[in-house]
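Dropping model_36.cif in here (mmCIF, C-alpha atoms):
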data_query
#
loop_
_atom_site.label_atom_id
_atom_site.label_comp_id
_atom_site.auth_asym_id
_atom_site.auth_seq_id
_atom_site.Cartn_x
_atom_site.Cartn_y
_atom_site.Cartn_z
CA MET O 1 -7.27 -52.21 8.77
CA SER O 2 -9.47 -52.03 11.89
CA LEU O 3 -10.82 -48.88 13.53
CA PHE O 4 -8.26 -49.18 16.34
CA ASP O 5 -5.42 -49.55 13.81
CA LYS O 6 -6.55 -46.40 12.05
CA ILE O 7 -6.81 -44.47 15.30
CA LEU O 8 -3.27 -45.66 16.09
CA VAL O 9 -2.08 -44.41 12.69
CA LYS O 10 -3.70 -41.03 13.43
CA SER O 11 -1.89 -40.91 16.78
CA ASN O 12 1.46 -41.60 15.09
CA LEU O 13 0.74 -38.89 12.53
CA GLU O 14 0.11 -36.39 15.34
CA LYS O 15 3.48 -37.20 16.92
CA ARG O 16 5.23 -36.68 13.58
CA GLN O 17 3.29 -33.43 13.17
CA ASP O 18 4.48 -32.08 16.54
CA GLN O 19 8.07 -32.93 15.71
CA THR O 20 7.88 -31.33 12.26
CA VAL O 21 6.26 -28.11 13.52
CA ASP O 22 8.94 -27.83 16.21
CA ASN O 23 11.67 -28.30 13.60
CA ILE O 24 10.14 -25.72 11.28
CA SER O 25 9.73 -23.28 14.18
CA GLN O 26 13.40 -23.72 15.04
CA ASN O 27 14.47 -23.19 11.43
CA ALA O 28 12.21 -20.15 11.15
CA ILE O 29 14.38 -18.32 13.70
CA ASN O 30 17.07 -18.11 11.02
CA VAL O 31 14.73 -16.57 8.41
CA LYS O 32 15.90 -13.10 7.37
CA LEU O 33 13.28 -10.59 6.28
CA ASP O 34 14.03 -9.07 2.88
CA ARG O 35 12.37 -7.63 -0.24
CA ASP O 36 11.81 -11.12 -1.67
CA ASN O 37 9.78 -12.61 1.19
CA ILE O 38 8.06 -9.59 2.75
CA LYS O 39 4.91 -10.11 0.67
CA ASN O 40 4.43 -13.52 2.32
CA ILE O 41 2.96 -11.49 5.19
CA ALA O 42 -0.70 -10.64 4.53
CA SER O 43 -0.76 -7.12 5.98
CA ALA O 44 2.51 -6.15 4.26
CA LYS O 45 1.23 -7.53 0.94
CA TYR O 46 -1.98 -5.52 1.29
CA LEU O 47 -0.10 -2.31 2.09
CA ILE O 48 2.44 -2.73 -0.72
CA ASP O 49 0.04 -3.91 -3.43
CA THR O 50 -2.53 -1.20 -2.67
CA CYS O 51 -0.01 1.66 -2.68
CA VAL O 52 1.80 0.34 -5.75
CA GLY O 53 -1.47 -0.06 -7.64
CA LEU O 54 -2.86 3.36 -6.75
CA VAL O 55 0.30 5.38 -7.39
CA SER O 56 1.09 3.64 -10.67
CA ALA O 57 -2.45 4.42 -11.92
CA MET O 58 -2.16 8.16 -11.27
CA PRO O 59 -0.90 10.32 -14.17
CA LEU O 60 1.84 12.87 -13.56
CA LYS O 61 1.57 16.37 -15.01
CA VAL O 62 3.56 19.58 -15.09
CA GLN O 63 1.79 22.60 -13.65
CA LEU O 64 2.63 26.29 -13.55
CA LEU O 65 1.81 28.53 -10.61
CA ASP O 66 1.87 32.24 -11.43
CA GLU O 67 -0.20 35.38 -10.92
CA ASN O 68 -2.99 33.86 -13.02
CA GLY O 69 -3.32 30.86 -10.71
CA ILE O 70 -2.53 27.22 -11.42
CA GLN O 71 -2.59 25.79 -14.92
CA THR O 72 -1.45 22.52 -16.48
CA ILE O 73 1.08 22.95 -19.27
CA ALA O 74 2.49 20.64 -21.95
CA HIS O 75 6.06 19.49 -21.24
CA ASP O 76 8.67 17.24 -22.85
CA ALA O 77 8.56 14.96 -19.78
CA ASP O 78 4.83 14.17 -20.15
CA TYR O 79 5.27 11.15 -22.42
CA LEU O 80 8.12 9.70 -20.32
CA LEU O 81 6.14 10.12 -17.11
CA ASN O 82 2.89 8.62 -18.37
CA LYS O 83 3.55 6.33 -21.35
CA GLU O 84 7.06 4.98 -21.97
CA CYS O 85 9.96 5.93 -19.72
CA ASN O 86 12.42 4.14 -22.04
CA PHE O 87 12.26 1.68 -24.93
CA LEU O 88 12.40 -1.31 -22.55
CA SER O 89 9.79 -0.30 -19.99
CA THR O 90 6.55 1.57 -19.43
CA SER O 91 6.02 4.51 -17.11
CA CYS O 92 3.52 2.47 -15.09
CA GLN O 93 6.11 -0.21 -14.43
CA LEU O 94 8.67 2.42 -13.44
CA LYS O 95 6.30 3.87 -10.84
CA ARG O 96 5.43 0.39 -9.52
CA GLU O 97 9.09 -0.47 -8.97
CA LEU O 98 9.90 2.86 -7.37
CA VAL O 99 6.95 2.69 -4.95
CA PHE O 100 7.85 -0.88 -3.96
CA ASP O 101 11.47 0.10 -3.22
CA TYR O 102 10.38 3.20 -1.32
CA LEU O 103 7.98 1.25 0.92
CA VAL O 104 10.15 -1.79 1.52
CA GLU O 105 13.69 -0.40 1.63
CA GLY O 106 13.08 3.30 2.21
CA ASN O 107 14.82 4.47 -0.95
CA ALA O 108 14.11 4.32 -4.67
CA TYR O 109 16.36 5.39 -7.56
CA ALA O 110 16.06 6.22 -11.26
CA LEU O 111 18.59 7.38 -13.84
CA VAL O 112 17.70 10.26 -16.18
CA LYS O 113 19.43 10.41 -19.55
CA ARG O 114 19.54 13.76 -21.36
CA ASN O 115 20.54 15.13 -24.72
CA GLY O 116 21.39 18.69 -23.81
CA ASN O 117 18.37 20.02 -21.92
CA LYS O 118 16.00 17.45 -23.38
CA ILE O 119 15.14 14.33 -21.36
CA GLU O 120 15.48 11.17 -23.47
CA SER O 121 14.69 8.40 -20.96
CA ILE O 122 14.15 7.51 -17.31
CA GLU O 123 15.55 4.15 -16.16
CA TYR O 124 14.76 2.29 -12.94
CA ILE O 125 17.83 1.46 -10.82
CA LYS O 126 17.83 -1.35 -8.25
CA PRO O 127 18.84 -0.05 -4.79
CA ASN O 128 21.58 -2.67 -4.35
CA THR O 129 23.34 -1.61 -7.57
CA ILE O 130 23.91 2.06 -6.75
CA THR O 131 26.29 3.77 -4.33
CA LEU O 132 26.44 7.49 -3.61
CA GLU O 133 29.42 9.06 -1.86
CA LYS O 134 29.63 12.70 -0.82
CA VAL O 135 32.70 14.67 -1.91
CA TYR O 136 34.00 17.30 0.54
CA ASN O 137 36.36 20.27 0.10
CA LEU O 138 39.00 21.46 2.57
CA SER O 139 36.34 23.35 4.51
CA ASN O 140 34.41 20.10 5.02
CA GLU O 141 31.60 21.29 2.75
CA VAL O 142 29.83 18.96 0.34
CA VAL O 143 30.76 20.01 -3.20
CA ASP O 144 29.62 16.98 -5.16
CA VAL O 145 28.27 13.44 -4.91
CA LYS O 146 30.06 10.56 -6.62
CA VAL O 147 27.60 8.10 -8.15
CA THR O 148 28.41 4.53 -9.17
CA ILE O 149 25.91 2.14 -10.76
CA GLN O 150 27.23 -1.39 -11.14
CA ASP O 151 25.55 -4.70 -11.92
CA ASP O 152 26.60 -7.91 -13.67
CA LYS O 153 26.83 -6.30 -17.11
CA ARG O 154 27.87 -2.67 -16.70
CA LYS O 155 29.43 0.03 -14.58
CA LEU O 156 28.27 3.65 -14.88
CA SER O 157 29.31 6.91 -13.24
CA PRO O 158 26.50 9.38 -14.05
CA GLU O 159 26.17 12.92 -12.77
CA PHE O 160 24.41 13.25 -9.43
CA SER O 161 22.03 15.78 -10.98
CA ASN O 162 20.66 12.99 -13.20
CA ILE O 163 19.72 10.66 -10.32
CA ILE O 164 16.15 10.68 -8.98
CA ILE O 165 16.22 9.76 -5.29
CA VAL O 166 12.93 9.11 -3.50
CA GLY O 167 13.77 8.41 0.13
CA ASN O 168 12.35 8.16 3.61
CA GLN O 169 14.65 9.40 6.40
CA LEU O 170 17.75 9.33 4.20
CA ASP O 171 21.12 8.99 5.93
CA ASN O 172 24.49 10.42 4.83
CA ASN O 173 24.79 7.67 2.19
CA PHE O 174 21.33 8.43 0.78
CA LYS O 175 19.91 5.21 2.20
CA GLY O 176 16.44 5.38 3.71
CA ARG O 177 14.36 3.39 6.15
CA GLY O 178 11.48 1.27 4.85
CA LEU O 179 9.27 -1.46 6.26
CA ILE O 180 12.16 -3.88 6.67
CA HIS O 181 13.79 -1.34 9.01
CA GLU O 182 10.91 0.45 10.75
CA CYS O 183 8.73 -2.64 11.35
CA ASN O 184 11.41 -5.31 11.27
CA GLU O 185 10.51 -7.00 14.55
CA LEU O 186 6.79 -7.27 13.78
CA LEU O 187 7.40 -8.45 10.22
CA GLU O 188 9.97 -11.09 11.18
CA GLN O 189 7.66 -12.46 13.87
CA SER O 190 4.92 -12.75 11.25
CA LEU O 191 7.33 -14.45 8.87
CA HIS O 192 8.39 -16.90 11.57
CA MET O 193 4.75 -17.71 12.29
CA ASP O 194 4.20 -18.34 8.61
CA ARG O 195 7.12 -20.77 8.47
CA ALA O 196 6.05 -22.49 11.69
CA ASN O 197 2.61 -23.16 10.24
CA ILE O 198 3.82 -24.24 6.81
CA SER O 199 3.51 -27.97 7.56
CA SER O 200 -0.29 -27.72 7.62
CA LEU O 201 -0.22 -26.29 4.09
CA VAL O 202 2.23 -28.54 2.27
CA SER O 203 1.97 -32.04 3.76
CA ASN O 204 -0.50 -34.59 5.04
CA ILE O 205 1.10 -35.02 8.46
CA ASN O 206 -1.20 -32.36 9.90
CA LEU O 207 -4.52 -33.90 8.82
CA ASN O 208 -7.28 -34.63 11.28
CA GLY O 209 -10.07 -37.01 10.35
CA ILE O 210 -13.71 -38.03 10.24
CA LEU O 211 -15.13 -41.28 11.59
CA ALA O 212 -17.75 -42.48 9.13
CA PHE O 213 -19.98 -45.45 9.98
CA GLY O 214 -23.49 -46.79 9.56
CA GLN O 215 -26.10 -47.38 12.21
CA ASN O 216 -25.57 -51.13 11.91
CA GLY O 217 -21.79 -50.85 12.18
CA LEU O 218 -21.59 -50.11 15.92
CA ARG O 219 -23.73 -50.61 18.98
CA LYS O 220 -25.69 -47.54 20.12
CA GLU O 221 -23.60 -46.97 23.26
CA ILE O 222 -20.34 -46.99 21.24
CA PHE O 223 -21.93 -44.64 18.69
CA GLU O 224 -22.84 -42.14 21.43
CA LYS O 225 -19.43 -42.48 23.10
CA LEU O 226 -17.54 -41.71 19.88
CA LYS O 227 -19.86 -38.79 19.16
CA ASP O 228 -19.26 -37.26 22.62
CA ASP O 229 -15.49 -37.80 22.33
CA PHE O 230 -15.34 -35.98 18.97
CA GLN O 231 -17.39 -33.06 20.27
CA ILE O 232 -15.19 -32.65 23.35
CA MET O 233 -11.96 -32.99 21.32
CA HIS O 234 -12.89 -30.22 18.84
CA ARG O 235 -14.83 -27.87 21.11
CA GLY O 236 -13.69 -24.24 20.72
CA TYR O 237 -11.56 -24.82 17.61
CA LYS O 238 -11.90 -22.40 14.73
CA GLY O 239 -12.77 -23.79 11.33
CA ASN O 240 -13.12 -27.46 12.36
CA ASN O 241 -15.23 -29.77 10.23
CA VAL O 242 -15.96 -32.96 12.17
CA MET O 243 -18.83 -35.19 10.99
CA LEU O 244 -20.42 -38.51 11.87
CA ILE O 245 -22.02 -40.02 8.77
CA ASN O 246 -24.78 -42.61 8.83
CA GLY O 247 -25.73 -44.98 6.05
CA ILE O 248 -22.34 -46.69 5.59
CA GLY O 249 -22.19 -50.38 6.43
CA SER O 250 -18.62 -50.37 7.75
CA VAL O 251 -16.45 -48.10 9.86
CA ASP O 252 -14.06 -45.88 7.88
CA TYR O 253 -11.53 -43.12 8.68
CA ILE O 254 -11.60 -40.15 6.29
CA PRO O 255 -8.74 -37.55 6.47
CA THR O 256 -9.78 -33.86 6.54
CA ASN O 257 -8.11 -30.51 7.03
CA ALA O 258 -9.78 -29.66 10.33
CA ILE O 259 -7.60 -27.23 12.35
CA ASN O 260 -6.01 -28.62 15.46
CA GLN O 261 -5.19 -26.65 18.60
CA LYS O 262 -1.59 -25.82 17.70
CA ASP O 263 -2.52 -24.60 14.20
CA SER O 264 -5.38 -22.55 15.65
CA GLN O 265 -2.99 -20.78 18.03
CA LEU O 266 -0.51 -20.06 15.23
CA ILE O 267 -3.25 -18.59 13.04
CA GLU O 268 -4.52 -16.35 15.84
CA GLN O 269 -0.99 -15.12 16.56
CA LYS O 270 -0.44 -14.36 12.86
CA GLN O 271 -3.71 -12.41 12.75
CA LEU O 272 -2.64 -10.37 15.79
CA LEU O 273 0.74 -9.56 14.27
CA ASN O 274 -0.88 -8.51 10.99
CA TYR O 275 -3.25 -6.27 12.95
CA LEU O 276 -0.37 -4.67 14.89
CA LEU O 277 1.55 -3.98 11.68
CA LEU O 278 -1.43 -2.17 10.13
CA GLN O 279 -1.90 -0.21 13.37
CA SER O 280 1.75 0.88 13.28
CA MET O 281 1.07 2.44 9.87
CA GLY O 282 -2.06 4.22 11.12
CA ILE O 283 -4.44 1.79 9.38
CA LYS O 284 -7.27 0.17 11.34
CA GLU O 285 -7.76 -2.88 9.15
CA ILE O 286 -7.44 -4.20 5.62
CA GLY O 287 -9.78 -2.09 3.50
CA ASP O 288 -9.42 1.07 5.62
CA MET O 289 -8.80 3.30 2.59
CA ASP O 290 -9.36 6.63 4.37
CA ASN O 291 -6.48 6.13 6.80
CA LEU O 292 -4.34 4.47 4.13
CA TYR O 293 -4.71 7.59 1.99
CA LYS O 294 -4.08 10.06 4.84
CA ASN O 295 -1.29 8.23 6.69
CA VAL O 296 0.57 6.46 3.89
CA LEU O 297 -0.35 7.56 0.35
CA LEU O 298 -0.16 11.32 0.92
CA GLY O 299 3.44 11.01 2.13
CA ILE O 300 4.40 8.87 -0.87
CA ILE O 301 2.75 11.27 -3.33
CA GLU O 302 4.41 14.36 -1.85
CA ASN O 303 7.85 12.71 -1.77
CA PHE O 304 7.61 11.52 -5.38
CA GLU O 305 6.39 14.89 -6.65
CA GLN O 306 9.27 16.80 -5.07
CA SER O 307 11.89 14.24 -6.17
CA PHE O 308 10.67 14.25 -9.79
CA SER O 309 10.45 18.06 -9.89
CA LYS O 310 13.98 18.41 -8.49
CA VAL O 311 15.63 16.37 -11.26
CA LEU O 312 13.35 16.49 -14.30
CA LEU O 313 12.74 20.25 -14.41
CA LEU O 314 15.37 22.80 -15.37
CA GLU O 315 16.31 25.47 -12.86
CA SER O 316 14.83 28.11 -15.16
CA GLU O 317 11.52 26.19 -15.21
CA LYS O 318 11.44 25.93 -11.42
CA LYS O 319 12.00 29.68 -11.13
CA GLN O 320 9.03 30.27 -13.42
CA GLY O 321 6.86 28.32 -10.97
CA MET O 322 6.73 24.91 -12.67
CA TYR O 323 6.40 21.70 -10.67
CA ILE O 324 5.43 18.07 -11.25
CA THR O 325 2.34 16.73 -9.51
CA PHE O 326 0.13 13.65 -9.51
CA ASP O 327 -3.42 13.90 -10.84
CA THR O 328 -5.07 12.55 -7.69
CA SER O 329 -8.53 12.77 -9.26
CA GLU O 330 -7.80 9.26 -10.56
CA ILE O 331 -8.09 7.81 -7.05
CA LEU O 332 -11.16 9.96 -6.29
CA ARG O 333 -13.20 8.59 -9.19
CA GLY O 334 -15.18 6.21 -7.03
CA ASN O 335 -16.06 9.06 -4.63
CA PHE O 336 -16.68 11.87 -7.12
CA LYS O 337 -20.18 12.62 -5.78
CA GLU O 338 -18.89 13.29 -2.26
CA HIS O 339 -15.91 15.26 -3.64
CA SER O 340 -18.13 17.48 -5.81
CA GLU O 341 -20.51 18.13 -2.92
CA ILE O 342 -17.62 19.41 -0.79
CA VAL O 343 -16.44 21.72 -3.59
CA LEU O 344 -20.00 23.03 -4.03
CA LYS O 345 -20.27 23.85 -0.32
CA LEU O 346 -16.97 25.76 -0.43
CA PHE O 347 -18.24 27.69 -3.47
CA GLU O 348 -21.55 28.51 -1.77
CA LYS O 349 -19.67 29.82 1.28
CA GLY O 350 -17.67 32.14 -0.97
CA LEU O 351 -14.34 30.44 -0.12
CA LEU O 352 -13.59 29.42 -3.73
CA ASN O 353 -14.17 31.22 -7.01
CA ASN O 354 -15.65 29.57 -10.10
CA ASN O 355 -12.34 28.58 -11.70
CA GLU O 356 -10.87 27.21 -8.47
CA CYS O 357 -13.89 24.92 -8.22
CA ARG O 358 -13.47 23.77 -11.82
CA GLU O 359 -9.80 22.94 -11.21
CA LEU O 360 -10.64 20.88 -8.13
CA LEU O 361 -13.17 18.93 -10.18
CA GLY O 362 -10.69 18.36 -13.00
CA PHE O 363 -12.29 20.76 -15.51
CA ASN O 364 -10.55 23.42 -17.62
CA ARG O 365 -10.65 27.05 -16.56
CA THR O 366 -13.31 29.27 -18.15
CA GLN O 367 -12.73 32.57 -19.92
CA GLY O 368 -14.14 35.74 -18.46
CA LYS O 369 -14.32 37.29 -15.00
CA LEU O 370 -13.74 35.29 -11.84
CA TYR O 371 -16.44 35.51 -9.23
CA ASN O 372 -17.32 34.33 -5.72
CA LEU O 373 -20.78 33.85 -4.29
CA GLN O 374 -21.56 36.29 -1.48
CA SER O 375 -24.65 36.05 0.71
CA LEU O 376 -26.60 39.27 1.26
CA GLY O 377 -28.26 37.87 4.35
CA ASN O 378 -31.65 39.33 5.32
CA VAL O 379 -33.01 42.34 3.40
CA TYR O 380 -35.81 44.76 4.27
CA LYS O 381 -38.61 45.64 1.87
CA TYR O 382 -40.49 48.83 2.79
CA GLU O 383 -44.02 50.00 1.93
CA ASP O 384 -42.72 52.12 -0.95
CA ASP O 385 -41.17 48.94 -2.44
CA SER O 386 -37.62 50.10 -1.70
CA ILE O 387 -35.20 47.41 -0.49
CA TYR O 388 -32.55 47.93 2.17
CA VAL O 389 -29.52 45.55 2.43
CA PRO O 390 -27.95 45.76 5.92
CA ASN O 391 -24.77 43.89 4.87
CA THR O 392 -23.91 46.58 2.31
CA ASP O 393 -25.84 49.48 3.90
CA ILE O 394 -27.41 50.23 0.49
CA THR O 395 -31.04 51.01 -0.30
CA TYR O 396 -32.43 50.08 -3.71
CA SER O 397 -35.48 51.88 -5.11
CA VAL O 398 -37.91 50.04 -7.34
#
Let me see the structure of the file written as structure tokens.
Amino acid sequence: MSLFDKILVKSNLEKRQDQTVDNISQNAINVKLDRDNIKNIASAKYLIDTCVGLVSAMPLKVQLLDENGIQTIAHDADYLLNKECNFLSTSCQLKRELVFDYLVEGNAYALVKRNGNKIESIEYIKPNTITLEKVYNLSNEVVDVKVTIQDDKRKLSPEFSNIIIVGNQLDNNFKGRGLIHECNELLEQSLHMDRANISSLVSNINLNGILAFGQNGLRKEIFEKLKDDFQIMHRGYKGNNVMLINGIGSVDYIPTNAINQKDSQLIEQKQLLNYLLLQSMGIKEIGDMDNLYKNVLLGIIENFEQSFSKVLLLESEKKQGMYITFDTSEILRGNFKEHSEIVLKLFEKGLLNNNECRELLGFNRTQGKLYNLQSLGNVYKYEDDSIYVPNTDITYSV
């Protein structure tokens, strides 16, 4: 096949490429964003995977707040919350599934099974298998909530008090609003862009090429003309890889994956949409852990703690001051030096006592008297060796 035949083949491939991209773009309009395809979007995948990973790695503990301060206590729920939630699943997997549902759909559910007052298991419930319906009396007051859990193999009607509900902006049917609701437009545009650009990933119709030839294969003026044409054609494209190779005795056309203009535009649009999605969540860019922690993780942690405490603890335990909380020191491990320096400064300023500092650093409380550091400021030493402390208005004799 001659050089001109191969250039003609490349031209036909480009026409087929344009047609295919247009068809895929048209079909992408009908794509519906859901929990199964949301992680095809880079920014959504980063947000979900990071939050799921961090929350699932943090242990949960029961603490007691009373006149003696805060202390961690042993509880029957400890093993279920941190090891095995039931005989089919681990506690880590339970937290991963709940965080995913909370972020994506805005609501996450779990079923608690009890034997009297003792918790026997905690089971993850898929959001599409549970319905909750409020029951009203004649005065239009809510007196109960009817719960139905139904899938392909069973139908349950548990007590509402045994359902853990972790939700964001819950409506009257206990359904929340997650990413697929709050950021639906941005996410669907990103998904459409992904589908529109799929041809460059799965077929050869989008390939550009390299002209490879030797110095003896073409006259010098043709060599220079082809070189100039290639440079003009690919000027300004991101990621192109166009080469002219010497040392080959004949002219050859080598397919490559150099990005053409249409693909380059699609990629830039996808990057912009991913950036806008992160901005909508208060995150500057992928890897911005400070804002991810403040604007996303803190809300998840607080919501989960309150939801777990509401269902897993008895009313008598709540009245005593018990609550369930995450041990966030797990996600501060990599920054322990900075964290400890902050605690030390608070101690030196007299804002925290010795045991409060130990608790913030994850250490057990010490026995004995509590104390704060207090600065005496400047003191005066007189000729008779007596010392006067202005802050306390006391004179000490030596």
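Among the candidate residues O:Val62, O:Val104, O:Leu80, O:Leu132, the one lying nearest to Phe326 (chain O) is O:Val62, with distances computed using all atoms listed in the file.
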Checklist entry - Near region 67-75 of chain O, counting only C-alpha atoms, which residues have an atom at most 9 Å away, once you skip same-chain residues fewer than 4 positions from it, shown as number ranges by chain? => result O: 61-63, 79, 322, 356, 359, 364-365
Item to check | Shell of 12 Å around Leu103 (chain O), all atoms listed in the file, local chain residues under 5 positions omitted, as a ChimeraX atom specification | outcome: /O:35,38-39,44-45,47-52,96-98,108,166-169,176-183,281,296-297,299-300,303
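Going from CA of Lys369 (chain O) to CA of Ile324 (chain O) covers 27.8 Å.
For the pair CA of Asn372 (chain O) and CA of Glu348 (chain O), the interatomic distance is 8.2 Å.
Pairwise distance (CA of Glu305 (chain O), CA of Leu292 (chain O)) equals 18.4 Å.
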